[in-house]
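Pasted below: model.cif, mmCIF, N, CA and C atoms.
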```cif
data_entry
loop_
_atom_site.label_atom_id
_atom_site.label_comp_id
_atom_site.auth_asym_id
_atom_site.auth_seq_id
_atom_site.Cartn_x
_atom_site.Cartn_y
_atom_site.Cartn_z
N MET A 1 3.69 -10.85 14.78
CA MET A 1 2.93 -9.90 15.55
C MET A 1 1.56 -10.48 15.83
N LYS A 2 1.02 -10.16 16.98
CA LYS A 2 -0.28 -10.66 17.37
C LYS A 2 -1.36 -10.06 16.49
N ARG A 3 -2.48 -10.75 16.34
CA ARG A 3 -3.61 -10.26 15.54
C ARG A 3 -4.24 -9.05 16.22
N HIS A 4 -4.78 -8.15 15.43
CA HIS A 4 -5.36 -6.92 15.97
C HIS A 4 -6.87 -6.95 15.81
N ALA A 5 -7.60 -6.68 16.89
CA ALA A 5 -9.06 -6.61 16.84
C ALA A 5 -9.48 -5.34 16.13
N SER A 6 -10.60 -5.39 15.43
CA SER A 6 -11.07 -4.19 14.74
C SER A 6 -11.77 -3.27 15.73
N ALA A 7 -11.74 -1.96 15.42
CA ALA A 7 -12.39 -0.97 16.27
C ALA A 7 -12.65 0.28 15.45
N GLN A 8 -13.67 1.04 15.82
CA GLN A 8 -13.94 2.32 15.17
C GLN A 8 -12.94 3.34 15.68
N ALA A 9 -12.50 4.24 14.81
CA ALA A 9 -11.57 5.30 15.21
C ALA A 9 -11.89 6.55 14.41
N ASP A 10 -11.39 7.68 14.88
CA ASP A 10 -11.65 8.95 14.24
C ASP A 10 -10.34 9.56 13.82
N ALA A 11 -10.16 9.86 12.53
CA ALA A 11 -8.90 10.43 12.06
C ALA A 11 -9.19 11.54 11.08
N GLN A 12 -8.32 12.53 11.09
CA GLN A 12 -8.45 13.61 10.14
C GLN A 12 -7.10 14.24 9.89
N ALA A 13 -6.89 14.72 8.67
CA ALA A 13 -5.66 15.42 8.35
C ALA A 13 -5.79 16.85 8.84
N VAL A 14 -4.71 17.38 9.41
CA VAL A 14 -4.71 18.76 9.87
C VAL A 14 -3.45 19.43 9.37
N GLY A 15 -3.52 20.72 9.14
CA GLY A 15 -2.34 21.46 8.73
C GLY A 15 -1.60 21.98 9.93
N ASN A 16 -0.28 22.07 9.85
CA ASN A 16 0.52 22.59 10.94
C ASN A 16 1.75 23.26 10.36
N THR A 17 2.12 24.37 10.93
CA THR A 17 3.34 25.03 10.53
C THR A 17 4.34 24.87 11.65
N GLY A 18 5.47 24.26 11.35
CA GLY A 18 6.52 24.04 12.36
C GLY A 18 7.84 24.48 11.81
N GLU A 19 8.91 24.03 12.45
CA GLU A 19 10.24 24.37 11.98
C GLU A 19 10.40 23.92 10.54
N GLY A 20 10.98 24.72 9.73
CA GLY A 20 11.21 24.35 8.35
C GLY A 20 10.02 24.59 7.45
N GLY A 21 8.97 25.25 7.96
CA GLY A 21 7.83 25.56 7.10
C GLY A 21 6.62 24.71 7.40
N SER A 22 5.72 24.65 6.43
CA SER A 22 4.45 23.96 6.60
C SER A 22 4.63 22.45 6.55
N MET A 23 3.97 21.76 7.45
CA MET A 23 4.02 20.31 7.47
C MET A 23 2.62 19.79 7.71
N SER A 24 2.18 18.89 6.87
CA SER A 24 0.88 18.28 7.05
C SER A 24 0.99 17.24 8.16
N GLU A 25 -0.01 17.14 9.01
CA GLU A 25 -0.04 16.16 10.08
C GLU A 25 -1.31 15.35 9.99
N LEU A 26 -1.28 14.20 10.61
CA LEU A 26 -2.46 13.35 10.73
C LEU A 26 -2.78 13.20 12.21
N THR A 27 -4.05 13.28 12.54
CA THR A 27 -4.49 12.95 13.88
C THR A 27 -5.13 11.57 13.79
N LEU A 28 -4.56 10.61 14.51
CA LEU A 28 -5.02 9.23 14.45
C LEU A 28 -5.46 8.76 15.83
N ILE A 29 -6.18 7.66 15.84
CA ILE A 29 -6.68 7.09 17.09
C ILE A 29 -5.97 5.77 17.37
N VAL A 30 -5.58 5.59 18.63
CA VAL A 30 -4.97 4.33 19.04
C VAL A 30 -6.06 3.26 19.09
N ARG A 31 -5.88 2.22 18.29
CA ARG A 31 -6.81 1.08 18.36
C ARG A 31 -6.35 0.11 19.44
N GLU A 32 -5.04 -0.17 19.46
CA GLU A 32 -4.48 -1.10 20.43
C GLU A 32 -3.07 -0.69 20.78
N ALA A 33 -2.65 -1.06 21.97
CA ALA A 33 -1.26 -0.95 22.41
C ALA A 33 -0.89 -2.33 22.93
N ILE A 34 -0.15 -3.07 22.13
CA ILE A 34 0.11 -4.48 22.41
C ILE A 34 1.53 -4.65 22.95
N ALA A 35 1.65 -5.27 24.12
CA ALA A 35 2.96 -5.56 24.70
C ALA A 35 3.53 -6.78 23.98
N GLU A 36 4.45 -6.54 23.05
CA GLU A 36 5.09 -7.63 22.32
C GLU A 36 6.16 -8.29 23.20
N THR A 37 6.84 -7.48 24.01
CA THR A 37 7.80 -7.94 25.02
C THR A 37 7.63 -6.97 26.19
N PRO A 38 8.33 -7.20 27.32
CA PRO A 38 8.21 -6.24 28.43
C PRO A 38 8.67 -4.83 28.06
N LEU A 39 9.54 -4.69 27.04
CA LEU A 39 10.05 -3.37 26.67
C LEU A 39 9.58 -2.86 25.32
N VAL A 40 8.88 -3.67 24.54
CA VAL A 40 8.46 -3.26 23.20
C VAL A 40 6.95 -3.36 23.06
N LYS A 41 6.34 -2.25 22.61
CA LYS A 41 4.91 -2.24 22.32
C LYS A 41 4.68 -1.98 20.85
N ALA A 42 3.64 -2.61 20.32
CA ALA A 42 3.13 -2.31 18.99
C ALA A 42 1.95 -1.38 19.20
N ILE A 43 2.04 -0.16 18.67
CA ILE A 43 0.97 0.82 18.79
C ILE A 43 0.22 0.82 17.46
N VAL A 44 -1.04 0.36 17.49
CA VAL A 44 -1.85 0.25 16.29
C VAL A 44 -2.70 1.51 16.17
N LEU A 45 -2.53 2.22 15.04
CA LEU A 45 -3.22 3.50 14.79
C LEU A 45 -4.16 3.34 13.62
N ASP A 46 -5.36 3.90 13.74
CA ASP A 46 -6.40 3.78 12.71
C ASP A 46 -6.92 5.13 12.23
N SER A 47 -7.47 5.10 11.01
CA SER A 47 -8.35 6.17 10.55
C SER A 47 -9.76 5.60 10.55
N ALA A 48 -10.68 6.28 11.21
CA ALA A 48 -12.03 5.74 11.43
C ALA A 48 -12.83 5.61 10.15
N ASP A 49 -12.63 6.53 9.23
CA ASP A 49 -13.47 6.52 8.03
C ASP A 49 -12.99 5.50 7.01
N GLY A 50 -11.94 4.79 7.32
CA GLY A 50 -11.44 3.76 6.42
C GLY A 50 -10.60 4.29 5.27
N ALA A 51 -10.40 5.61 5.23
CA ALA A 51 -9.57 6.20 4.18
C ALA A 51 -8.14 5.70 4.33
N PRO A 52 -7.50 5.32 3.23
CA PRO A 52 -6.12 4.83 3.33
C PRO A 52 -5.18 5.89 3.88
N LEU A 53 -4.27 5.46 4.71
CA LEU A 53 -3.20 6.33 5.19
C LEU A 53 -2.11 6.36 4.13
N PRO A 54 -1.27 7.39 4.13
CA PRO A 54 -0.22 7.46 3.11
C PRO A 54 0.64 6.20 3.09
N ALA A 55 0.99 5.76 1.90
CA ALA A 55 1.83 4.58 1.72
C ALA A 55 3.24 4.88 2.22
N PHE A 56 3.99 3.83 2.53
CA PHE A 56 5.37 3.98 2.99
C PHE A 56 6.15 2.74 2.59
N GLU A 57 7.47 2.88 2.60
CA GLU A 57 8.35 1.76 2.32
C GLU A 57 8.93 1.24 3.63
N ALA A 58 9.38 0.00 3.61
CA ALA A 58 10.03 -0.57 4.80
C ALA A 58 11.18 0.34 5.22
N GLY A 59 11.28 0.58 6.53
CA GLY A 59 12.32 1.45 7.05
C GLY A 59 11.85 2.87 7.31
N ALA A 60 10.61 3.18 6.93
CA ALA A 60 10.09 4.54 7.12
C ALA A 60 9.70 4.76 8.59
N HIS A 61 9.60 6.02 8.95
CA HIS A 61 9.16 6.38 10.30
C HIS A 61 8.23 7.58 10.22
N VAL A 62 7.53 7.84 11.32
CA VAL A 62 6.73 9.04 11.49
C VAL A 62 7.22 9.74 12.75
N ARG A 63 6.97 11.03 12.83
CA ARG A 63 7.30 11.79 14.04
C ARG A 63 6.01 12.00 14.81
N VAL A 64 6.00 11.57 16.06
CA VAL A 64 4.83 11.67 16.92
C VAL A 64 4.99 12.90 17.81
N LYS A 65 3.97 13.77 17.79
CA LYS A 65 3.97 14.96 18.65
C LYS A 65 3.73 14.54 20.10
N LEU A 66 4.53 15.11 21.01
CA LEU A 66 4.39 14.81 22.43
C LEU A 66 3.54 15.87 23.11
N PRO A 67 2.77 15.51 24.14
CA PRO A 67 1.90 16.48 24.81
C PRO A 67 2.67 17.64 25.44
N GLU A 68 3.91 17.39 25.89
CA GLU A 68 4.71 18.44 26.53
C GLU A 68 5.43 19.31 25.52
N GLY A 69 5.27 19.02 24.23
CA GLY A 69 5.96 19.74 23.18
C GLY A 69 7.04 18.86 22.57
N GLY A 70 7.46 19.22 21.39
CA GLY A 70 8.46 18.44 20.69
C GLY A 70 7.84 17.21 20.05
N ASP A 71 8.69 16.39 19.47
CA ASP A 71 8.23 15.16 18.84
C ASP A 71 9.36 14.14 18.84
N ARG A 72 9.00 12.89 18.56
CA ARG A 72 9.98 11.81 18.50
C ARG A 72 9.68 10.94 17.29
N PRO A 73 10.72 10.40 16.64
CA PRO A 73 10.50 9.49 15.51
C PRO A 73 10.24 8.06 16.00
N TYR A 74 9.31 7.38 15.34
CA TYR A 74 9.03 5.98 15.62
C TYR A 74 8.86 5.24 14.31
N SER A 75 9.40 4.03 14.25
CA SER A 75 9.38 3.23 13.03
C SER A 75 8.00 2.68 12.74
N LEU A 76 7.64 2.75 11.45
CA LEU A 76 6.44 2.08 10.99
C LEU A 76 6.80 0.61 10.79
N VAL A 77 6.02 -0.26 11.37
CA VAL A 77 6.26 -1.69 11.26
C VAL A 77 5.43 -2.17 10.08
N ASP A 78 6.11 -2.53 9.02
CA ASP A 78 5.40 -2.93 7.80
C ASP A 78 4.78 -4.30 7.97
N HIS A 79 3.54 -4.41 7.60
CA HIS A 79 2.81 -5.68 7.61
C HIS A 79 2.03 -5.73 6.31
N PRO A 80 2.14 -6.79 5.54
CA PRO A 80 1.48 -6.84 4.23
C PRO A 80 0.00 -6.52 4.27
N ASP A 81 -0.70 -6.88 5.35
CA ASP A 81 -2.14 -6.59 5.45
C ASP A 81 -2.42 -5.12 5.72
N HIS A 82 -1.43 -4.37 6.16
CA HIS A 82 -1.65 -2.98 6.55
C HIS A 82 -1.18 -1.97 5.51
N ARG A 83 -0.22 -2.32 4.66
CA ARG A 83 0.32 -1.36 3.70
C ARG A 83 -0.79 -0.83 2.80
N GLY A 84 -0.90 0.49 2.71
CA GLY A 84 -1.92 1.13 1.88
C GLY A 84 -3.31 1.02 2.48
N SER A 85 -3.40 0.69 3.76
CA SER A 85 -4.71 0.55 4.39
C SER A 85 -4.97 1.74 5.31
N ALA A 86 -5.97 1.62 6.14
CA ALA A 86 -6.32 2.67 7.09
C ALA A 86 -5.68 2.42 8.45
N THR A 87 -4.66 1.56 8.49
CA THR A 87 -4.00 1.20 9.74
C THR A 87 -2.48 1.32 9.59
N TRP A 88 -1.85 1.87 10.60
CA TRP A 88 -0.40 1.84 10.73
C TRP A 88 -0.07 1.19 12.06
N VAL A 89 1.10 0.57 12.14
CA VAL A 89 1.59 0.01 13.39
C VAL A 89 2.98 0.59 13.64
N LEU A 90 3.16 1.15 14.84
CA LEU A 90 4.46 1.68 15.25
C LEU A 90 5.10 0.71 16.23
N GLY A 91 6.40 0.52 16.12
CA GLY A 91 7.15 -0.25 17.09
C GLY A 91 7.84 0.70 18.04
N VAL A 92 7.60 0.54 19.36
CA VAL A 92 8.14 1.48 20.35
C VAL A 92 8.83 0.71 21.48
N ARG A 93 10.13 0.94 21.62
CA ARG A 93 10.89 0.35 22.72
C ARG A 93 10.94 1.35 23.87
N LEU A 94 10.62 0.89 25.07
CA LEU A 94 10.69 1.73 26.27
C LEU A 94 12.15 1.92 26.63
N GLU A 95 12.60 3.17 26.59
CA GLU A 95 13.99 3.49 26.93
C GLU A 95 14.10 3.75 28.42
N ASP A 96 15.24 3.37 28.99
CA ASP A 96 15.49 3.60 30.41
C ASP A 96 16.86 4.23 30.55
N PRO A 97 16.98 5.47 30.91
CA PRO A 97 15.87 6.36 31.22
C PRO A 97 15.23 6.92 29.96
N SER A 98 13.97 7.26 30.07
CA SER A 98 13.23 7.84 28.95
C SER A 98 13.23 9.35 29.08
N ALA A 99 13.43 10.04 27.96
CA ALA A 99 13.34 11.50 27.96
C ALA A 99 11.87 11.94 27.89
N GLY A 100 10.96 10.99 27.86
CA GLY A 100 9.53 11.30 27.85
C GLY A 100 8.78 10.69 26.69
N GLY A 101 9.44 10.51 25.55
CA GLY A 101 8.75 10.01 24.37
C GLY A 101 8.31 8.57 24.49
N SER A 102 9.23 7.67 24.79
CA SER A 102 8.86 6.26 24.85
C SER A 102 7.94 5.99 26.05
N ARG A 103 8.14 6.70 27.14
CA ARG A 103 7.26 6.55 28.31
C ARG A 103 5.83 6.96 27.94
N HIS A 104 5.70 8.10 27.23
CA HIS A 104 4.38 8.55 26.77
C HIS A 104 3.74 7.51 25.86
N MET A 105 4.50 7.00 24.91
CA MET A 105 3.97 6.03 23.95
C MET A 105 3.53 4.74 24.65
N HIS A 106 4.26 4.31 25.67
CA HIS A 106 3.90 3.08 26.39
C HIS A 106 2.67 3.26 27.27
N ARG A 107 2.28 4.51 27.54
CA ARG A 107 1.07 4.78 28.34
C ARG A 107 -0.17 4.95 27.47
N LEU A 108 -0.02 4.95 26.16
CA LEU A 108 -1.18 5.12 25.29
C LEU A 108 -2.15 3.95 25.46
N ALA A 109 -3.44 4.27 25.31
CA ALA A 109 -4.49 3.27 25.46
C ALA A 109 -5.48 3.43 24.31
N PRO A 110 -6.27 2.40 24.04
CA PRO A 110 -7.28 2.51 22.97
C PRO A 110 -8.16 3.75 23.16
N GLY A 111 -8.37 4.45 22.06
CA GLY A 111 -9.17 5.67 22.07
C GLY A 111 -8.35 6.94 22.16
N ASP A 112 -7.10 6.86 22.59
CA ASP A 112 -6.25 8.05 22.67
C ASP A 112 -5.96 8.57 21.26
N ARG A 113 -5.81 9.87 21.15
CA ARG A 113 -5.47 10.51 19.87
C ARG A 113 -3.98 10.84 19.87
N VAL A 114 -3.36 10.67 18.70
CA VAL A 114 -1.97 11.07 18.52
C VAL A 114 -1.85 11.84 17.22
N ARG A 115 -0.96 12.82 17.22
CA ARG A 115 -0.66 13.59 16.01
C ARG A 115 0.67 13.13 15.47
N VAL A 116 0.68 12.78 14.19
CA VAL A 116 1.90 12.25 13.58
C VAL A 116 2.15 12.94 12.24
N SER A 117 3.42 12.93 11.84
CA SER A 117 3.81 13.45 10.53
C SER A 117 3.51 12.39 9.47
N PRO A 118 3.53 12.78 8.21
CA PRO A 118 3.47 11.76 7.16
C PRO A 118 4.73 10.90 7.23
N PRO A 119 4.69 9.71 6.64
CA PRO A 119 5.86 8.83 6.66
C PRO A 119 7.07 9.49 6.00
N ARG A 120 8.23 9.19 6.55
CA ARG A 120 9.48 9.73 6.03
C ARG A 120 10.50 8.60 6.01
N HIS A 121 11.36 8.62 5.02
CA HIS A 121 12.38 7.58 4.91
C HIS A 121 13.71 8.28 4.68
N ASP A 122 14.54 8.36 5.72
CA ASP A 122 15.81 9.07 5.63
C ASP A 122 16.92 8.27 4.96
N PHE A 123 16.78 6.95 4.88
CA PHE A 123 17.83 6.11 4.32
C PHE A 123 17.25 5.10 3.31
N PRO A 124 16.64 5.59 2.23
CA PRO A 124 16.05 4.65 1.27
C PRO A 124 17.12 3.86 0.53
N LEU A 125 16.78 2.66 0.15
CA LEU A 125 17.68 1.86 -0.69
C LEU A 125 17.61 2.39 -2.12
N HIS A 126 18.74 2.47 -2.76
CA HIS A 126 18.78 2.89 -4.14
C HIS A 126 18.76 1.66 -5.02
N ASP A 127 18.04 1.74 -6.15
CA ASP A 127 17.91 0.59 -7.04
C ASP A 127 19.27 0.09 -7.54
N ASP A 128 20.25 0.98 -7.67
CA ASP A 128 21.55 0.57 -8.19
C ASP A 128 22.50 0.06 -7.10
N ALA A 129 22.03 -0.07 -5.87
CA ALA A 129 22.87 -0.54 -4.77
C ALA A 129 22.80 -2.06 -4.64
N ARG A 130 23.33 -2.74 -5.59
CA ARG A 130 23.29 -4.22 -5.55
C ARG A 130 24.65 -4.78 -5.54
#
```
Mind turning the file's structure into structure tokens?
Amino acid sequence: MKRHASAQADAQAVGNTGEGGSMSELTLIVREAIAETPLVKAIVLDSADGAPLPAFEAGAHVRVKLPEGGDRPYSLVDHPDHRGSATWVLGVRLEDPSAGGSRHMHRLAPGDRVRVSPPRHDFPLHDDAR
């Protein structure tokens, strides 16, 4: 992955009640949207105050709230320099046709705010699966 330039960003945790009860959300700022290929972007998200974002394991994802309503899951791209830091990187493939989520994500620019869920891992590896 290409190197990411540093930038100030503003982030804060917010409470939200959605389907299934209360869910904590994070509002993060887009630091960069990097075209890794013509169809894949790395969306770099920061917390401005430098507070660490919740830790996650490889394979985890977050759900990004869309401006038109609803949300979509996007994979957290694990990078050793970012784990447990104030930065997350999402990998987003532009779908054709797009139902709106990947198109929205590919239009993000530095300074844009996004609301995301805490990391979730639906298929964790079990220690005894060897």
Practice problem: Go through A:Leu90, A:Pro118, A:His126, A:Asp112 one by one, measure the shortest atom-to-atom distance of each to Pro54 (chain A) using only N, CA and C atoms, and give the residue with the smallest value. | Solution: A:Pro118
Quiz item: Quick one: of A:Ser47, A:Val116, A:Pro124, A:Leu39, who's nearest to Arg63 (chain A), counting only N, CA and C atoms?
Solution: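 Among the listed residues, the smallest separation from Arg63 (chain A) belongs to A:Val116.
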Exercise. Would you write out, as a list in words, every residue that the PyMOL selection byres (((chain A and resi 96-102 and name CA) around 10) and name CA) captures in this file?
Key: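 Applying the PyMOL selection byres (((chain A and resi 96-102 and name CA) around 10) and name CA) to the structure shown produces Leu39, Val40, Lys41, Val64, Lys65, Leu66, Pro67, Glu68, Gly70, Asp71, Arg72, Pro73, Tyr74, Val92, Arg93, Leu94, Glu95, Arg103, His104, Met105, His106 and Arg107 of chain A.
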Save out the residues we just selected, N, CA and C atoms, as an mmCIF file, keeping the file's coordinate frame.
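Once everything was written out, this is again36.cif:
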```
data_model
loop_
_atom_site.group_PDB
_atom_site.id
_atom_site.type_symbol
_atom_site.label_atom_id
_atom_site.label_comp_id
_atom_site.auth_asym_id
_atom_site.auth_seq_id
_atom_site.Cartn_x
_atom_site.Cartn_y
_atom_site.Cartn_z
ATOM 1 N N LEU A 39 9.540 -4.690 27.040
ATOM 2 C CA LEU A 39 10.050 -3.370 26.670
ATOM 3 C C LEU A 39 9.580 -2.860 25.320
ATOM 4 N N VAL A 40 8.880 -3.670 24.540
ATOM 5 C CA VAL A 40 8.460 -3.260 23.200
ATOM 6 C C VAL A 40 6.950 -3.360 23.060
ATOM 7 N N LYS A 41 6.340 -2.250 22.610
ATOM 8 C CA LYS A 41 4.910 -2.240 22.320
ATOM 9 C C LYS A 41 4.680 -1.980 20.850
ATOM 10 N N VAL A 64 6.000 11.570 16.060
ATOM 11 C CA VAL A 64 4.830 11.670 16.920
ATOM 12 C C VAL A 64 4.990 12.900 17.810
ATOM 13 N N LYS A 65 3.970 13.770 17.790
ATOM 14 C CA LYS A 65 3.970 14.960 18.650
ATOM 15 C C LYS A 65 3.730 14.540 20.100
ATOM 16 N N LEU A 66 4.530 15.110 21.010
ATOM 17 C CA LEU A 66 4.390 14.810 22.430
ATOM 18 C C LEU A 66 3.540 15.870 23.110
ATOM 19 N N PRO A 67 2.770 15.510 24.140
ATOM 20 C CA PRO A 67 1.900 16.480 24.810
ATOM 21 C C PRO A 67 2.670 17.640 25.440
ATOM 22 N N GLU A 68 3.910 17.390 25.890
ATOM 23 C CA GLU A 68 4.710 18.440 26.530
ATOM 24 C C GLU A 68 5.430 19.310 25.520
ATOM 25 N N GLY A 70 7.460 19.220 21.390
ATOM 26 C CA GLY A 70 8.460 18.440 20.690
ATOM 27 C C GLY A 70 7.840 17.210 20.050
ATOM 28 N N ASP A 71 8.690 16.390 19.470
ATOM 29 C CA ASP A 71 8.230 15.160 18.840
ATOM 30 C C ASP A 71 9.360 14.140 18.840
ATOM 31 N N ARG A 72 9.000 12.890 18.560
ATOM 32 C CA ARG A 72 9.980 11.810 18.500
ATOM 33 C C ARG A 72 9.680 10.940 17.290
ATOM 34 N N PRO A 73 10.720 10.400 16.640
ATOM 35 C CA PRO A 73 10.500 9.490 15.510
ATOM 36 C C PRO A 73 10.240 8.060 16.000
ATOM 37 N N TYR A 74 9.310 7.380 15.340
ATOM 38 C CA TYR A 74 9.030 5.980 15.620
ATOM 39 C C TYR A 74 8.860 5.240 14.310
ATOM 40 N N VAL A 92 7.600 0.540 19.360
ATOM 41 C CA VAL A 92 8.140 1.480 20.350
ATOM 42 C C VAL A 92 8.830 0.710 21.480
ATOM 43 N N ARG A 93 10.130 0.940 21.620
ATOM 44 C CA ARG A 93 10.890 0.350 22.720
ATOM 45 C C ARG A 93 10.940 1.350 23.870
ATOM 46 N N LEU A 94 10.620 0.890 25.070
ATOM 47 C CA LEU A 94 10.690 1.730 26.270
ATOM 48 C C LEU A 94 12.150 1.920 26.630
ATOM 49 N N GLU A 95 12.600 3.170 26.590
ATOM 50 C CA GLU A 95 13.990 3.490 26.930
ATOM 51 C C GLU A 95 14.100 3.750 28.420
ATOM 52 N N ARG A 103 8.140 6.700 27.140
ATOM 53 C CA ARG A 103 7.260 6.550 28.310
ATOM 54 C C ARG A 103 5.830 6.960 27.940
ATOM 55 N N HIS A 104 5.700 8.100 27.230
ATOM 56 C CA HIS A 104 4.380 8.550 26.770
ATOM 57 C C HIS A 104 3.740 7.510 25.860
ATOM 58 N N MET A 105 4.500 7.000 24.910
ATOM 59 C CA MET A 105 3.970 6.030 23.950
ATOM 60 C C MET A 105 3.530 4.740 24.650
ATOM 61 N N HIS A 106 4.260 4.310 25.670
ATOM 62 C CA HIS A 106 3.900 3.080 26.390
ATOM 63 C C HIS A 106 2.670 3.260 27.270
ATOM 64 N N ARG A 107 2.280 4.510 27.540
ATOM 65 C CA ARG A 107 1.070 4.780 28.340
ATOM 66 C C ARG A 107 -0.170 4.950 27.470
#
```
Exercise. Translate the PyMOL selection byres (((chain A and resi 119 and name CA) around 12) and name CA), as applied to the file shown, into an explicit residue set as an MDAnalysis selection string.
Key: chainID A and resid 23:26 53:64 73:78 83:84 88:90 116:118 120:122
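Distances to Leu28 (chain A) were evaluated for A:Ala42, A:Leu108, A:Val114, A:Ala51 using all atoms listed in the file, and the minimum falls at A:Val114.
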Quiz item: With only C-alpha atoms as the basis for distance, which of A:Pro52, A:Gly91, A:Ser85, A:Gly69 is at the shortest distance from Ile34 (chain A)?
Solution: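 The shortest atom-to-atom distance to Ile34 (chain A) comes from A:Gly91.
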Could you put an axis-aligned box around every listed atom of region 109-113 of chain A, padded by 5 Å on each side, and send me its centre and edge lengths in Å to one decimal, as AutoDock Vina command-line options?
```
--center_x -6.3 --center_y 6.6 --center_z 22.7 --size_x 15.7 --size_y 18.4 --size_z 15.6
```
Exercise. Could you give me the residues within region 39-125 of chain A that DSSP places in helix (DSSP H, G or I), as JSON, numbers by chain?
Key: {"A": [101, 102, 103, 104, 105, 106]}
Quiz prompt | Interatomic distance (Å, one decimal) between atom C of Thr37 (chain A) and atom N of Gly111 (chain A) | solution = 20.1 Å
Quiz item: Could you work out how far atom N of Ala35 (chain A) lies from CA of Arg113 (chain A), giving the answer in Å with one decimal?
Solution: 17.8 Å
Exercise. Take atom N of Ala33 (chain A) and atom C of Pro110 (chain A) and report the distance between them in Å, one decimal.
Key: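 Between these atoms lies a distance of 7.4 Å.
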Practice problem: From the DSSP assignment of the backbone, select every residue of region 46-91 of chain A that is strand (DSSP E or B), and format the answer as number ranges by chain. | Solution: A: 46, 61-65, 71-76, 87-91
